[in-house]
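Scroll down for the structure; my scribbles are underneath it.
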Amino acid sequence: MKKSLIALAVLPVLALTACSGSSGSSSSTEPAAGAGKTTDCAVQGAPTPVASIPDGPSLDGVTVIVDGSAAPVVTVADGAAPVTELGSLEIAPGDGATAKAGDTLTVDYCGIGLASQSIFDSSWVRGEPATFPLDGLIQGWQDGLPGMKVGETRLLVIPGALGYGPNPPSGSGIEPDETLVFVITLKDVVAS
């Protein structure tokens, strides 16, 4: 088990690779009003400003594009407001085993801070899925993943209170009480 995944079992948080997000770009031009920033979940780096939001499944100012087996591309609209309730949206269906509380899950996932619009963690960047017990994760995952089927990709928009609250992990790039955006593809379920 990787060191970052061991932290999952010990701490009730998601694995973080201690990569801090960067907000903004070195570009001198500002995107048009109502635009946002796009992040490829397979690439660690600053998000790319966009002049328009792409067409695709959207929830709370977050749009996700999934193209086959490639990592998702996530666009966070400028001005997307923090949420107070958990949001969940199926992006692509699955047809395998169904996750439930207490199960051990293997997933590919990408975590983006709503305020920074930047990746703070991604299994796609690391090049391998993560495996962990669902009961050992942040409350937003514990509440948002049961019912998910193997093969499904799901968007979770998690309020700070169901994420890391006022004390996010040091060096994670997550702001206190920040709304978190996760795109998760369920790869396997081991029943409890």
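Identifiers in this document derive from the order of the structure tokens: chains are assigned A, B, ..., residues are numbered from 1 separately in each chain, and ligands are numbered from 1 in order of occurrence.
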Handout entry: strand (DSSP E or B) residues, from DSSP on the backbone, in region 80-135 of chain A, as a list of chain:residue names
Key =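 Strand (DSSP E or B) members of region 80-135 of chain A, listed: A:Gly87, A:Ser88, A:Leu89, A:Glu90, A:Ile91, A:Ala92, A:Thr98, A:Thr104, A:Leu105, A:Thr106, A:Val107, A:Asp108, A:Tyr109, A:Cys110, A:Gly111, A:Ile112, A:Gly113, A:Ile119, A:Phe120, A:Asp121, A:Ser122, A:Ala130, A:Thr131, A:Phe132, A:Pro133.
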Within region 38-171 of chain A, find each residue whose DSSP state, derived from the backbone, is alpha helix (DSSP H), and express the selection as a PDB file with N, CA, C and O atoms, in the first residue's frame.
ATOM      1  N   SER A 123      -5.338  10.651  -8.734  1.00  0.00           N
ATOM      2  CA  SER A 123      -4.753   9.333  -9.003  1.00  0.00           C
ATOM      3  C   SER A 123      -4.309   9.237 -10.458  1.00  0.00           C
ATOM      4  O   SER A 123      -3.374   8.513 -10.776  1.00  0.00           O
ATOM      5  N   TRP A 124      -4.999   9.972 -11.349  1.00  0.00           N
ATOM      6  CA  TRP A 124      -4.595   9.960 -12.758  1.00  0.00           C
ATOM      7  C   TRP A 124      -3.203  10.578 -12.926  1.00  0.00           C
ATOM      8  O   TRP A 124      -2.412  10.104 -13.737  1.00  0.00           O
ATOM      9  N   VAL A 125      -2.887  11.609 -12.160  1.00  0.00           N
ATOM     10  CA  VAL A 125      -1.546  12.206 -12.206  1.00  0.00           C
ATOM     11  C   VAL A 125      -0.517  11.179 -11.734  1.00  0.00           C
ATOM     12  O   VAL A 125       0.554  11.041 -12.323  1.00  0.00           O
ATOM     13  N   ARG A 126      -0.847  10.442 -10.676  1.00  0.00           N
ATOM     14  CA  ARG A 126       0.075   9.430 -10.137  1.00  0.00           C
ATOM     15  C   ARG A 126       0.180   8.207 -11.042  1.00  0.00           C
ATOM     16  O   ARG A 126       1.113   7.413 -10.921  1.00  0.00           O
ATOM     17  N   GLN A 139     -16.345  12.748   5.054  1.00  0.00           N
ATOM     18  CA  GLN A 139     -17.783  12.498   5.115  1.00  0.00           C
ATOM     19  C   GLN A 139     -18.456  12.662   3.751  1.00  0.00           C
ATOM     20  O   GLN A 139     -19.384  11.927   3.425  1.00  0.00           O
ATOM     21  N   GLY A 140     -17.988  13.606   2.941  1.00  0.00           N
ATOM     22  CA  GLY A 140     -18.576  13.797   1.616  1.00  0.00           C
ATOM     23  C   GLY A 140     -18.474  12.561   0.743  1.00  0.00           C
ATOM     24  O   GLY A 140     -19.388  12.258  -0.033  1.00  0.00           O
ATOM     25  N   TRP A 141     -17.380  11.798   0.863  1.00  0.00           N
ATOM     26  CA  TRP A 141     -17.247  10.540   0.118  1.00  0.00           C
ATOM     27  C   TRP A 141     -18.108   9.460   0.761  1.00  0.00           C
ATOM     28  O   TRP A 141     -18.745   8.680   0.068  1.00  0.00           O
ATOM     29  N   GLN A 142     -18.119   9.411   2.093  1.00  0.00           N
ATOM     30  CA  GLN A 142     -18.929   8.394   2.774  1.00  0.00           C
ATOM     31  C   GLN A 142     -20.413   8.551   2.427  1.00  0.00           C
ATOM     32  O   GLN A 142     -21.131   7.569   2.311  1.00  0.00           O
ATOM     33  N   ASP A 143     -20.862   9.804   2.269  1.00  0.00           N
ATOM     34  CA  ASP A 143     -22.259  10.062   1.926  1.00  0.00           C
ATOM     35  C   ASP A 143     -22.520   9.995   0.423  1.00  0.00           C
ATOM     36  O   ASP A 143     -23.631   9.657   0.006  1.00  0.00           O
ATOM     37  N   GLY A 144     -21.510  10.320  -0.393  1.00  0.00           N
ATOM     38  CA  GLY A 144     -21.725  10.474  -1.829  1.00  0.00           C
ATOM     39  C   GLY A 144     -21.426   9.268  -2.698  1.00  0.00           C
ATOM     40  O   GLY A 144     -21.832   9.239  -3.857  1.00  0.00           O
TER      41      GLY A 144
END
Exercise for the section: Quick one: everything within 6 Å of Ala35 (chain A), counting only C-alpha atoms, minus sequence neighbours fewer than 3 positions away in the same chain. Send it as a ChimeraX atom specification. Expected result: /A:32,50-53,77-78
Since we have the selection now, will you write its residues out, keeping C-alpha atoms, as a short mmCIF file (atom, residue, chain, number, x, y, z; two decimals), in the first residue's frame?
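Written output follows (result18.cif):
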data_model
loop_
_atom_site.label_atom_id
_atom_site.label_comp_id
_atom_site.auth_asym_id
_atom_site.auth_seq_id
_atom_site.Cartn_x
_atom_site.Cartn_y
_atom_site.Cartn_z
CA ALA A 32 -14.40 36.66 -20.72
CA VAL A 50 -11.20 29.45 -20.86
CA ALA A 51 -13.38 32.02 -22.60
CA SER A 52 -16.46 29.79 -22.49
CA ILE A 53 -17.73 26.86 -20.47
CA ALA A 77 -16.87 28.48 -13.75
CA ASP A 78 -15.51 31.76 -12.45
#
Problem - Who sits within 10 Å of Ala81 (chain A), only C-alpha atoms, same chain under 6 positions skipped, as a ChimeraX atom specification - result: /A:60-61,114-115,179
Problem - Nearest to Pro82 (chain A), chosen from A:Val157, A:Ile119, A:Ile65, A:Leu162, with only C-alpha atoms counted in the distances - result: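 Closest candidate: A:Val157.
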Exercise for the section: For CA of Val62 (chain A) and CA of Thr185 (chain A), determine how far apart the two atoms are, in Å to one decimal place. Expected result: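 Computed distance, CA of Val62 (chain A) to CA of Thr185 (chain A), equals 16.6 Å.
Comparing A:Ile91, A:Cys41, A:Val190, A:Val73 by their smallest distance to Leu155 (chain A), the closest is A:Ile91 (using only C-alpha atoms).
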Problem - Long-range neighbours of Gly96 (chain A) as a list in words, 8 Å cut-off, only C-alpha atoms, 6 positions minimum in chain - result: Lys149, Val150 and Gly151 of chain A
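Of the listed residues (A:Gly113, A:Gly94, A:Gly68, A:Pro129), A:Gly113 comes nearest to Lys37 (chain A); the distances count only C-alpha atoms.
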Handout entry: CA of Thr131 (chain A) to CA of Thr63 (chain A), straight-line distance in Å
Key = 25.7 Å
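Counting only C-alpha atoms and comparing A:Gly102, A:Gly111, A:Gly136, A:Gly45, the residue that lies closest to Ser172 (chain A) is A:Gly111.
Atom to atom, CA of Thr153 (chain A) and CA of Val66 (chain A) stand 8.6 Å apart.
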